[in-house]
2 protein chains.
Amino acid sequence: MLLFQEIRNYILTLLQQDEIATGSKLPSERALQEHFNSTRITVREALIRLEAEGLIYSQKRKGWFVTPHKLKWHPATKVNFYELAKQQGFTAQTRLVSVNKIDNINFTDIFSAQSLYHLQRVRSLDNRAVMFEDIFCDAQRFDGLNKHSLNSSITEIMAKQYATNVVKEQSIISVTVLPDNVCEMLEKNSGTPCLKVVRQRFDEQQKLVDHNIEYWLHNAIEMIVEGQ
Amino acid sequence: MLLFQEIRNYILTLLQQDEIATGSKLPSERALQEHFNSTRITVREALIRLEAEGLIYSQKRKGWFVTPHKLKWHPATKVNFYELAKQQGFTAQTRLVSVNKIDNINFTDIFSAQSLYHLQRVRSLDNRAVMFEDIFCDAQRFDGLNKHSLNSSITEIMAKQYATNVVKEQSIISVTVLPDNVCEMLEKNSGTPCLKVVRQRFDEQQKLVDHNIEYWLHNAIEMIVEGQ
DNA sequence: CAGTGGTCTAGACCACGAT
DNA sequence: TCGTGGTCTAGACCACTGG
């Protein structure tokens, strides 16, 4: 058995024997190195592997921690993030990072709008930042959106304040790593794997309501898709 | 800028300038090391990063290659793998690895069956193995399944030979790494990231038809989910 | 057989976090 | 200030691939 695999298995038994509670810190890299009479490179090999498996995660320069349960998420249904989190025993938070009005240059092919609102938000579960999103929508159509409280459901604001109902959506889901600016927001190391979701939502007239890009930590989420 | 980031960017420009065709080999690690007057560890840091981003992939002891286009896949619709691949310009293959009749011990909670068929298959796009799947179904219900050609659509065989139609399905999708036995099948290194899909399909009587576990190379697939 | 990738050692320096 | 994680050097051995 390879050395880094042995170290991986050793840490795994620590997790399984509940010697390290969910969310708490692993022994330091140098402590593990000493325990196995090895080097930090090899220890990190094992840690990075466990991170890829989704069992542990690192927080920039703070250490390695045990991954909490994953949020089960249904991308194809109109679910409220808070509702969903609550049902599964999490406390959810949303933090608005920025709101800007921008010229529509990037999405001219899909938005006919002249200018767009661009929101950035971070979502957390039990105070752990797990998702970053960019939201784009027509600034004329949703004029004054920036005056509403954007820390909760945008869908609700669009429905109640702008009589806009989403009736259809399409999500494109892929696996990649967090862009560096997102890493900073989520306090993650550059290179952290993630699930990228590009979602477009449409109203009754088949008109594009918003265009969102979500980056989910890969070990914080599990998607459930029902078909037929 | 960090050294491994510079190496990453350098390789990226090679890809973007089409100096390396899709599917072909990158310069060797030692060549890159020399080019940057660095060490293999640092070069591998850059390569592993690009792999996590989905832009390149490694084949065990053969080298690093440029990732082809991703297959766009709709997990919530009854699509035929071959059809889908063909539409997108790929040639698809399916290889049956094994068929076994086993006692139902692992799935007693979901299958009422005494014994199960267990199939293992590998699916490829343009001769690149991109997916491994375990399929479980009731051995009494599909008695003699092993006598059919299992290199094509199981759904079709169930419909035509056993009058069984799938009307509902649920998929649970998560990001993890390939189990080691799957790595061997797909000729990948241990630790390769993947998309894991656990799918259950049901007939008109809401009875479970089959239970599948699919492992997709994360850089070979992009999922599209439509909602509402 | 030469060259490659996979694994590993034994150090080092720095920026940042905790205290 | 001390310990931590993030990055990096300069080697090494082995198993395997491809010619």
# chains A, B, ... in the order shown; residues from 1 in each chain; ligands from 1
call {"tool": "interface_residues", "arguments": {"of": "chain A", "to": "chain C", "cutoff": "9 Å", "atoms": "only C-alpha atoms (C1' of nucleotides)", "output": "number ranges by chain"}}
result
A: 2-4, 38-39, 41-42, 61-62
call {"tool": "select_by_dssp", "arguments": {"residues": "segment 6-150 of chain B", "states": "strand (DSSP E or B)", "output": "PyMOL selection string"}}
result
chain B and resi 25+56-59+63-66+71-73+92-103+115-125+128-138
call {"tool": "atom_distance", "arguments": {"atom1": "atom CA of Gly191 of chain A", "atom2": "atom CA of Thr176 of chain A"}}
result
9.0 Å
call {"tool": "residues_around", "arguments": {"residues": "segment 69-77 of chain A", "least_positions_apart": "4", "cutoff": "6 Å", "atoms": "only C-alpha atoms (C1' of nucleotides)", "output": "VMD selection string"}}
result
(chain A and resid 220 to 224) or (chain B and resid 227)
call {"tool": "write_last_selection", "arguments": {"atoms": "N, CA and C atoms", "output": "compact mmCIF listing (two decimals), in the first residue's frame"}}
result
# COMPACT_ATOMS: atom_id res chain seq x y z
N ALA A 220 -20.33 20.44 -0.57
CA ALA A 220 -21.40 21.02 0.24
C ALA A 220 -22.77 20.71 -0.34
N ILE A 221 -22.80 20.03 -1.47
CA ILE A 221 -24.07 19.89 -2.18
C ILE A 221 -24.19 18.55 -2.88
N GLU A 222 -25.42 18.12 -2.97
CA GLU A 222 -25.77 16.88 -3.66
C GLU A 222 -27.03 17.22 -4.43
N MET A 223 -27.05 16.96 -5.71
CA MET A 223 -28.22 17.34 -6.50
C MET A 223 -29.17 16.18 -6.69
N ILE A 224 -30.44 16.48 -6.67
CA ILE A 224 -31.44 15.46 -6.94
C ILE A 224 -32.29 15.90 -8.11
N GLY B 227 -36.36 22.79 -15.84
CA GLY B 227 -37.29 22.77 -14.71
C GLY B 227 -38.63 23.40 -15.02
call {"tool": "select_by_dssp", "arguments": {"residues": "chain A", "states": "helix (DSSP H, G or I)", "output": "JSON, numbers by chain"}}
result
{"A": [3, 4, 5, 6, 7, 8, 9, 10, 11, 12, 13, 14, 15, 16, 29, 30, 31, 32, 33, 34, 35, 40, 41, 42, 43, 44, 45, 46, 47, 48, 49, 50, 51, 52, 53, 81, 82, 83, 84, 85, 86, 87, 145, 146, 147, 154, 155, 156, 157, 158, 159, 160, 161, 162, 180, 181, 182, 183, 184, 185]}
call {"tool": "interface_residues", "arguments": {"of": "chain D", "to": "chain A", "cutoff": "10 Å", "atoms": "only C-alpha atoms (C1' of nucleotides)", "output": "ChimeraX atom specification"}}
result
/D:3-6
call {"tool": "write_last_selection", "arguments": {"atoms": "N, CA and C atoms (P, O5', C5', C4', C3', O3' and C1' of nucleotides)", "output": "mmCIF file, in the first residue's frame"}}
result
data_model
loop_
_atom_site.group_PDB
_atom_site.id
_atom_site.type_symbol
_atom_site.label_atom_id
_atom_site.label_comp_id
_atom_site.auth_asym_id
_atom_site.auth_seq_id
_atom_site.Cartn_x
_atom_site.Cartn_y
_atom_site.Cartn_z
ATOM 1 P P DG D 3 6.366 27.150 18.240
ATOM 2 O "O5'" DG D 3 5.133 26.797 17.301
ATOM 3 C "C5'" DG D 3 3.811 26.881 17.834
ATOM 4 C "C4'" DG D 3 2.807 26.780 16.710
ATOM 5 C "C3'" DG D 3 3.082 25.624 15.736
ATOM 6 O "O3'" DG D 3 1.863 24.966 15.476
ATOM 7 C "C1'" DG D 3 2.929 27.666 14.551
ATOM 8 P P DT D 4 1.820 23.712 14.516
ATOM 9 O "O5'" DT D 4 1.040 24.251 13.240
ATOM 10 C "C5'" DT D 4 -0.232 24.896 13.390
ATOM 11 C "C4'" DT D 4 -0.581 25.551 12.075
ATOM 12 C "C3'" DT D 4 -0.358 24.646 10.878
ATOM 13 O "O3'" DT D 4 -1.575 24.063 10.505
ATOM 14 C "C1'" DT D 4 0.431 26.887 10.490
ATOM 15 P P DG D 5 -1.568 22.961 9.349
ATOM 16 O "O5'" DG D 5 -1.628 23.871 8.049
ATOM 17 C "C5'" DG D 5 -2.770 24.694 7.826
ATOM 18 C "C4'" DG D 5 -2.501 25.634 6.669
ATOM 19 C "C3'" DG D 5 -2.384 24.957 5.298
ATOM 20 O "O3'" DG D 5 -2.981 25.828 4.357
ATOM 21 C "C1'" DG D 5 -0.414 26.128 5.744
ATOM 22 P P DG D 6 -3.039 25.424 2.793
ATOM 23 O "O5'" DG D 6 -1.865 26.324 2.200
ATOM 24 C "C5'" DG D 6 -2.125 27.688 1.891
ATOM 25 C "C4'" DG D 6 -1.070 28.195 0.925
ATOM 26 C "C3'" DG D 6 -0.912 27.340 -0.333
ATOM 27 O "O3'" DG D 6 -0.772 28.197 -1.458
ATOM 28 C "C1'" DG D 6 1.140 27.483 0.797
#
call {"tool": "interface_residues", "arguments": {"of": "chain B", "to": "chain A", "cutoff": "10 Å", "atoms": "only C-alpha atoms", "output": "PyMOL selection string"}}
result
chain B and resi 41+48-55+70+72-78+166-179+190-201+217-228
call {"tool": "atom_distance", "arguments": {"atom1": "atom CA of Asp103 of chain A", "atom2": "atom CA of His118 of chain A"}}
result
9.9 Å
call {"tool": "closest_residue", "arguments": {"among": "A:Thr94, A:Thr22, A:Thr13, A:Asn80", "to": "Val122 of chain A", "atoms": "only C-alpha atoms"}}
result
A:Thr94
call {"tool": "atom_distance", "arguments": {"atom1": "atom CA of Ile11 of chain B", "atom2": "atom C1' of DT9 of chain D"}}
result
21.6 Å
call {"tool": "residues_around", "arguments": {"residues": "segment 149-155 of chain B", "least_positions_apart": "5", "cutoff": "9 Å", "atoms": "only C-alpha atoms (C1' of nucleotides)", "output": "VMD selection string"}}
result
chain B and resid 80 to 82 93 to 96 119 121 160 164 to 166
call {"tool": "closest_residue", "arguments": {"among": "A:Glu45, A:Asp210, A:Glu204, A:Glu187", "to": "Phe142 of chain A", "atoms": "only C-alpha atoms"}}
result
A:Asp210
call {"tool": "closest_residue", "arguments": {"among": "B:Leu116, B:Ala139, B:Val79, B:Val99", "to": "Glu156 of chain B", "atoms": "only C-alpha atoms"}}
result
B:Val79
